[in-house]
Amino acid sequence: MTSPFLNSSSRLSLSSKLHLSNQFRHLLLLPPLHTAPNSKISCSVSQNNQAPVAVQDNGSVKTKKECYGVFCLTYDLKAEEETKSWKKMINIAVSGAAGMISNHLLFKLASGSVFGPDQPIALKLLGSERSIQALEGVAMELEDSLFPLLREVDIGTDPYEVFQDVEWALLIGAKPRGPGMERAALLDINGQIFAEQGKALNAVASPNVKVLVVGNPCNTNALICLKNAPNIPAKNFHALTRLDENRAKCQLALKAGVFYDKVSNMTIWGNHSTTQVPDFLNARINGRPVKEVITDHKWLEEGFTESVQKRGGLLIQKWGRSSAASTAVSIVDAIKSLVTPTPEGDWFSTGVYTNGNPYGIAKDLVFSMPCRSTGDGDYELVKDVEFDDYLRNRIAKSEAELLAEKKCVAHLTGDGIAFCDLGPVDTMLPGEV
Ligand code: LMR
C-alpha cells in the first residue's frame, strides 16, 4: 500500500500560518487546525492550547484567537517592522532531508547564516517513503526553532512536487555503497535517482535553479542530473568538493603551524574520490606559495595529498559513519562562495561542467576546478593558474577515472549503452577502503 505522502507534499507555512495540513494531522495524533480567516501564525505542534497572544504597536501583549503563544511572543513581535526590509523569499529544496548531513544543514539555512539575515526562505524537504516519519520530525524541530526567516516548510517524497519553483536544490540523498556492492552497481542505483531528480528539476524548478550534488559519487551524479535537465544551464550544476578544499586547508595549516584562515587559493581538481588532486602548487599560505613555506615537498606530494584524499575514510573509521557536520558546513561554504563576492585574489573549488574550460580537461564531465564569483550565484573559472608535470599527471588520473565512470552511466546520460570497466581501485569514494 502506498503512503498518503507519496503523491503529495505536506506544507508547514510560517508566513501566514504554520501547520501540517489537516489531511496528515491524524498521523501525529493532533486535533485538526481551525485557521481563522486573518490568522497570522499558528503552531501545529502545540499540544496545549495556550491562550494565544498578539503584540500591539505600543509593545503591549494582547490575547488573540488565531495565534499560539510562543510564536507570537518571539517571532511576530518584530515581524511587522523587520519584514519590510526583507528580500523576496527563495525556495530551497533539500533531498535526503531526514539524514545526518541535512540535520546539520537545515538549521543553518533557516538561521539566516547562509543566505543572509534579510533573506526569508522556504524549505522543500524531499525524503523517501521510509523516511517520511523522520521528515515530519525534522519539520517539527524546525517549527520549534522559531526561525524568523523560515517562512515555509514542505515535506514530500515526489521530486516533481517538492522541486516546484525552487531556486536552489541541494541534493544530498543517495544510497551508500552496501557490502559486496560493485561500484558499477552503486553508480547505476544512485545514477537513477539523479536522473529522475534532473528530470523533475527540468520540469518544475525555477529555470535558473542552482543545483549542488552532495550524494556520492557526486561528480558523476551531477553529470547525470544535468544531462537530464536540458532546460537548465549546465553551468548551474555543482558537485560538492568544498569539503575536500576545507580539509586540504586544514592539513596545510597544521603543517605550516598557522591558523587555517592563512591558507588561500586552494584548488581541488577532479573527482570527489581518492584520485582528487589537492593543488599545493597554486595554494598560498600568508600570501606566499605553499612550496616556499613548506619545504618538505615529498610530504606535499605524498603525505598531504593522501591525507586529503582519504580523510573521509579516516573519519568513517573514527565515527563509524561518514562525515556529516563538516559536510554540512562545507555545503554552507559552497553556497556562500556563490552568493557573496570572492575576496580579491582568492578563489574556491567546486565541481562544475567542463565544457569551455581553459585547462584542457576533457569536455562533458563534472570536474572540480578553481572558480570565482561576483556573488550573484554564478561563477567564472580562474584563468591564471600554474601547472607542472606532477599536477598535470595527477589531474589526468582523476580525469581518466571520471571518463570511466561516465561510460558506466551512458544509459542515464543519453550517451548510448553503458560499458563499465572500472578497475579494482578506481572510483573509490574518500570513505571507501
Ligand atoms: C567524505 O568525503 O567524507 C565522504 O564523501 C565519504 C564517503 O565516502 O561517503
# chains A, B, ... in the order shown; residues from 1 in each chain; ligands from 1
call {"tool": "residues_near_ligand", "arguments": {"ligand": "ligand 1", "cutoff": "6 Å", "atoms": "only C-alpha atoms and all ligand atoms", "output": "CSV table (one decimal) with N, CA, C and O atoms, in the first residue's frame"}}
result
chain,number,residue,atom,x,y,z
A,312,GLY,N,38.0,11.3,4.4
A,312,GLY,CA,36.7,10.7,4.6
A,312,GLY,C,36.7,9.3,5.2
A,312,GLY,O,35.9,9.0,6.1
A,322,SER,N,29.9,8.2,7.9
A,322,SER,CA,30.5,9.3,7.1
A,322,SER,C,30.4,10.6,7.8
A,322,SER,O,29.5,10.8,8.7
A,323,SER,N,31.3,11.5,7.4
A,323,SER,CA,31.2,12.9,8.0
A,323,SER,C,29.9,13.5,7.7
A,323,SER,O,29.3,13.3,6.6
A,429,LEU,N,35.4,6.2,-3.3
A,429,LEU,CA,35.0,7.4,-2.6
A,429,LEU,C,36.0,7.6,-1.5
A,429,LEU,O,36.7,6.7,-1.1
A,430,PRO,N,36.0,8.9,-1.0
A,430,PRO,CA,37.0,9.1,0.0
A,430,PRO,C,36.8,8.2,1.2
A,430,PRO,O,37.8,7.9,1.9
A,431,GLY,N,35.6,7.7,1.4
A,431,GLY,CA,35.3,6.9,2.6
A,431,GLY,C,35.5,5.4,2.4
A,431,GLY,O,35.4,4.6,3.3
A,432,GLU,N,35.9,5.0,1.2
A,432,GLU,CA,36.0,3.6,0.9
A,432,GLU,C,37.4,3.1,1.2
A,432,GLU,O,38.3,3.8,0.9
call {"tool": "atom_distance", "arguments": {"atom1": "atom CA of A:Asp244", "atom2": "atom CA of A:Asn228"}}
result
26.7 Å
call {"tool": "closest_atom_pairs", "arguments": {"of": "stretch 138-182 of chain A", "to": "stretch 192-197 of chain A", "cutoff": "12 Å", "atoms": "only C-alpha atoms", "output": "CSV"}}
result
residue,atom,partner,partner_atom,distance
A:Thr157,CA,A:Gln197,CA,11.3
A:Asp158,CA,A:Gln197,CA,9.4
A:Pro159,CA,A:Gln197,CA,6.3
A:Tyr160,CA,A:Gln197,CA,8.1
A:Glu161,CA,A:Gln197,CA,11.0
A:Val162,CA,A:Gln197,CA,10.3
A:Phe163,CA,A:Gln197,CA,8.7
A:Gln164,CA,A:Gln197,CA,11.7
A:Ala169,CA,A:Gln197,CA,9.8
A:Leu170,CA,A:Gln197,CA,11.0
A:Leu171,CA,A:Phe194,CA,8.5
A:Ile172,CA,A:Phe194,CA,10.3
A:Gly173,CA,A:Ile193,CA,8.8
A:Ala174,CA,A:Ile193,CA,7.5
A:Lys175,CA,A:Ile193,CA,9.1
call {"tool": "write_last_selection", "arguments": {"atoms": "all heavy atoms", "output": "CSV table (one decimal), in the first residue's frame"}}
result
chain,number,residue,atom,x,y,z
A,157,THR,N,7.7,13.2,-0.9
A,157,THR,CA,8.5,12.2,-1.5
A,157,THR,C,8.6,12.2,-3.0
A,157,THR,O,9.2,11.4,-3.6
A,157,THR,CB,8.0,10.8,-1.1
A,157,THR,OG1,6.6,10.7,-1.5
A,157,THR,CG2,8.1,10.6,0.4
A,158,ASP,N,7.8,13.2,-3.6
A,158,ASP,CA,7.8,13.3,-5.0
A,158,ASP,C,8.6,14.5,-5.5
A,158,ASP,O,8.2,15.6,-5.3
A,158,ASP,CB,6.3,13.4,-5.5
A,158,ASP,CG,6.2,13.5,-7.0
A,158,ASP,OD1,7.2,13.6,-7.7
A,158,ASP,OD2,5.0,13.4,-7.4
A,159,PRO,N,9.7,14.2,-6.2
A,159,PRO,CA,10.5,15.4,-6.6
A,159,PRO,C,9.8,16.4,-7.5
A,159,PRO,O,10.1,17.6,-7.5
A,159,PRO,CB,11.7,14.8,-7.3
A,159,PRO,CG,11.4,13.4,-7.6
A,159,PRO,CD,10.3,13.0,-6.6
A,160,TYR,N,8.8,15.9,-8.3
A,160,TYR,CA,8.0,16.8,-9.1
A,160,TYR,C,7.2,17.8,-8.3
A,160,TYR,O,6.8,18.8,-8.8
A,160,TYR,CB,7.1,16.0,-10.1
A,160,TYR,CG,7.9,15.4,-11.2
A,160,TYR,CD1,8.5,14.1,-11.1
A,160,TYR,CD2,8.1,16.0,-12.4
A,160,TYR,CE1,9.3,13.6,-12.1
A,160,TYR,CE2,8.9,15.5,-13.5
A,160,TYR,CZ,9.5,14.3,-13.3
A,160,TYR,OH,10.2,13.7,-14.3
A,161,GLU,N,6.9,17.4,-7.1
A,161,GLU,CA,6.1,18.3,-6.2
A,161,GLU,C,7.1,19.2,-5.4
A,161,GLU,O,6.9,20.4,-5.3
A,161,GLU,CB,5.2,17.5,-5.3
A,161,GLU,CG,4.0,17.0,-6.0
A,161,GLU,CD,3.0,16.5,-5.0
A,161,GLU,OE1,3.1,16.6,-3.8
A,161,GLU,OE2,2.0,15.9,-5.5
A,162,VAL,N,8.1,18.5,-4.8
A,162,VAL,CA,9.0,19.2,-3.9
A,162,VAL,C,9.8,20.2,-4.6
A,162,VAL,O,10.1,21.3,-4.1
A,162,VAL,CB,9.8,18.2,-3.1
A,162,VAL,CG1,10.8,18.9,-2.2
A,162,VAL,CG2,8.9,17.2,-2.3
A,163,PHE,N,10.2,20.0,-5.9
A,163,PHE,CA,11.1,20.9,-6.6
A,163,PHE,C,10.4,22.0,-7.3
A,163,PHE,O,11.0,22.9,-7.9
A,163,PHE,CB,11.9,20.1,-7.6
A,163,PHE,CG,12.9,19.1,-7.1
A,163,PHE,CD1,13.5,18.2,-7.9
A,163,PHE,CD2,13.3,19.2,-5.8
A,163,PHE,CE1,14.4,17.3,-7.4
A,163,PHE,CE2,14.2,18.3,-5.3
A,163,PHE,CZ,14.8,17.3,-6.1
A,164,GLN,N,9.1,22.1,-7.1
A,164,GLN,CA,8.3,23.2,-7.8
A,164,GLN,C,8.9,24.6,-7.4
A,164,GLN,O,9.0,24.9,-6.3
A,164,GLN,CB,6.9,23.1,-7.3
A,164,GLN,CG,5.9,23.9,-8.0
A,164,GLN,CD,5.5,23.3,-9.4
A,164,GLN,OE1,5.3,22.2,-9.5
A,164,GLN,NE2,5.6,24.2,-10.4
A,169,ALA,N,18.7,23.7,-5.3
A,169,ALA,CA,18.4,22.3,-5.0
A,169,ALA,C,19.7,21.7,-4.4
A,169,ALA,O,20.7,21.6,-5.1
A,169,ALA,CB,18.0,21.6,-6.2
A,170,LEU,N,19.6,21.3,-3.2
A,170,LEU,CA,20.8,20.7,-2.5
A,170,LEU,C,20.5,19.2,-2.4
A,170,LEU,O,19.7,18.7,-1.6
A,170,LEU,CB,21.0,21.3,-1.1
A,170,LEU,CG,20.9,22.9,-1.1
A,170,LEU,CD1,21.0,23.4,0.3
A,170,LEU,CD2,22.0,23.4,-2.0
A,171,LEU,N,21.2,18.4,-3.3
A,171,LEU,CA,20.8,17.0,-3.5
A,171,LEU,C,21.8,16.1,-2.7
A,171,LEU,O,22.9,15.8,-3.1
A,171,LEU,CB,20.8,16.7,-5.0
A,171,LEU,CG,19.9,17.6,-5.9
A,171,LEU,CD1,20.0,17.1,-7.3
A,171,LEU,CD2,18.5,17.6,-5.3
A,172,ILE,N,21.3,15.8,-1.5
A,172,ILE,CA,22.2,15.1,-0.5
A,172,ILE,C,21.8,13.6,-0.5
A,172,ILE,O,22.7,12.8,-0.4
A,172,ILE,CB,22.0,15.7,0.9
A,172,ILE,CG1,22.4,17.2,0.8
A,172,ILE,CG2,22.8,14.9,1.9
A,172,ILE,CD1,22.1,18.0,2.1
A,173,GLY,N,20.6,13.3,-0.7
A,173,GLY,CA,20.1,11.9,-0.6
A,173,GLY,C,20.7,11.0,-1.6
A,173,GLY,O,20.6,11.3,-2.8
A,174,ALA,N,21.3,9.9,-1.2
A,174,ALA,CA,21.9,8.9,-2.1
A,174,ALA,C,22.0,7.6,-1.3
A,174,ALA,O,22.1,7.6,-0.1
A,174,ALA,CB,23.2,9.3,-2.7
A,175,LYS,N,22.1,6.5,-2.1
A,175,LYS,CA,22.3,5.2,-1.4
A,175,LYS,C,23.8,5.1,-1.0
A,175,LYS,O,24.6,5.3,-1.9
A,175,LYS,CB,21.9,4.1,-2.3
A,175,LYS,CG,20.5,3.6,-2.2
A,175,LYS,CD,20.4,2.1,-2.4
A,175,LYS,CE,19.1,1.5,-2.0
A,175,LYS,NZ,18.0,2.4,-1.6
call {"tool": "closest_residue", "arguments": {"among": "A:Asn355, A:Thr374, A:Gln309, A:Thr413", "to": "A:Pro341", "atoms": "only C-alpha atoms"}}
result
A:Thr374
call {"tool": "select_by_dssp", "arguments": {"residues": "stretch 134-367 of chain A", "states": "strand (DSSP E or B)", "output": "count of residues only"}}
result
39
call {"tool": "closest_residue", "arguments": {"among": "A:Pro117, A:Gly215, A:Gly198, A:Gly112", "to": "A:Gly99", "atoms": "only C-alpha atoms"}}
result
A:Gly215
call {"tool": "residues_around", "arguments": {"residues": "A:Ser102", "least_positions_apart": "4", "cutoff": "9 Å", "atoms": "only C-alpha atoms", "output": "list of chain:residue names"}}
result
A:Val94, A:Ser95, A:Gly96, A:Ala97, A:Ala98, A:Leu106, A:Phe107, A:Ile172, A:Ala324, A:Ala325, A:Ala328
call {"tool": "write_last_selection", "arguments": {"atoms": "all heavy atoms", "output": "JSON list (two decimals), in the first residue's frame"}}
result
[["chain", "number", "residue", "atom", "x", "y", "z"],
["A", 94, "VAL", "N", 15.90, 20.44, -0.44],
["A", 94, "VAL", "CA", 16.97, 19.61, 0.13],
["A", 94, "VAL", "C", 16.50, 18.16, 0.04],
["A", 94, "VAL", "O", 15.45, 17.80, 0.59],
["A", 94, "VAL", "CB", 17.27, 19.97, 1.60],
["A", 94, "VAL", "CG1", 18.36, 19.08, 2.17],
["A", 94, "VAL", "CG2", 17.67, 21.44, 1.73],
["A", 95, "SER", "N", 17.27, 17.32, -0.66],
["A", 95, "SER", "CA", 16.93, 15.89, -0.69],
["A", 95, "SER", "C", 17.74, 15.16, 0.38],
["A", 95, "SER", "O", 18.76, 15.68, 0.85],
["A", 95, "SER", "CB", 17.19, 15.29, -2.07],
["A", 95, "SER", "OG", 18.58, 15.06, -2.24],
["A", 96, "GLY", "N", 17.27, 14.00, 0.76],
["A", 96, "GLY", "CA", 17.91, 13.30, 1.89],
["A", 96, "GLY", "C", 17.72, 14.12, 3.15],
["A", 96, "GLY", "O", 18.58, 14.17, 4.03],
["A", 97, "ALA", "N", 16.56, 14.75, 3.23],
["A", 97, "ALA", "CA", 16.36, 15.78, 4.26],
["A", 97, "ALA", "C", 16.25, 15.22, 5.67],
["A", 97, "ALA", "O", 16.38, 15.96, 6.65],
["A", 97, "ALA", "CB", 15.12, 16.59, 3.92],
["A", 98, "ALA", "N", 16.03, 13.91, 5.79],
["A", 98, "ALA", "CA", 15.95, 13.33, 7.13],
["A", 98, "ALA", "C", 17.29, 12.73, 7.56],
["A", 98, "ALA", "O", 17.40, 12.12, 8.62],
["A", 98, "ALA", "CB", 14.85, 12.26, 7.17],
["A", 106, "LEU", "N", 20.01, 22.06, 7.65],
["A", 106, "LEU", "CA", 18.73, 22.77, 7.59],
["A", 106, "LEU", "C", 18.66, 23.90, 8.60],
["A", 106, "LEU", "O", 18.10, 24.96, 8.34],
["A", 106, "LEU", "CB", 17.58, 21.77, 7.81],
["A", 106, "LEU", "CG", 17.42, 20.74, 6.69],
["A", 106, "LEU", "CD1", 16.39, 19.68, 7.08],
["A", 106, "LEU", "CD2", 17.02, 21.41, 5.39],
["A", 107, "PHE", "N", 19.24, 23.66, 9.75],
["A", 107, "PHE", "CA", 19.15, 24.67, 10.81],
["A", 107, "PHE", "C", 20.07, 25.86, 10.53],
["A", 107, "PHE", "O", 19.78, 26.98, 10.94],
["A", 107, "PHE", "CB", 19.40, 24.02, 12.17],
["A", 107, "PHE", "CG", 18.30, 23.03, 12.49],
["A", 107, "PHE", "CD1", 18.33, 21.74, 11.96],
["A", 107, "PHE", "CD2", 17.20, 23.42, 13.23],
["A", 107, "PHE", "CE1", 17.29, 20.85, 12.19],
["A", 107, "PHE", "CE2", 16.15, 22.54, 13.46],
["A", 107, "PHE", "CZ", 16.20, 21.24, 12.93],
["A", 172, "ILE", "N", 21.30, 15.82, -1.50],
["A", 172, "ILE", "CA", 22.15, 15.10, -0.55],
["A", 172, "ILE", "C", 21.83, 13.60, -0.54],
["A", 172, "ILE", "O", 22.71, 12.77, -0.39],
["A", 172, "ILE", "CB", 21.96, 15.71, 0.87],
["A", 172, "ILE", "CG1", 22.38, 17.18, 0.84],
["A", 172, "ILE", "CG2", 22.75, 14.94, 1.91],
["A", 172, "ILE", "CD1", 22.05, 17.96, 2.09],
["A", 324, "ALA", "N", 29.34, 14.22, 8.66],
["A", 324, "ALA", "CA", 28.03, 14.85, 8.45],
["A", 324, "ALA", "C", 28.11, 16.35, 8.76],
["A", 324, "ALA", "O", 27.76, 17.17, 7.92],
["A", 324, "ALA", "CB", 26.98, 14.17, 9.33],
["A", 325, "ALA", "N", 28.60, 16.69, 9.95],
["A", 325, "ALA", "CA", 28.63, 18.10, 10.33],
["A", 325, "ALA", "C", 29.56, 18.89, 9.41],
["A", 325, "ALA", "O", 29.19, 19.96, 8.91],
["A", 325, "ALA", "CB", 29.07, 18.25, 11.78],
["A", 328, "ALA", "N", 28.05, 19.38, 6.07],
["A", 328, "ALA", "CA", 27.03, 20.44, 6.08],
["A", 328, "ALA", "C", 27.70, 21.82, 6.07],
["A", 328, "ALA", "O", 27.29, 22.72, 5.32],
["A", 328, "ALA", "CB", 26.14, 20.30, 7.31]]
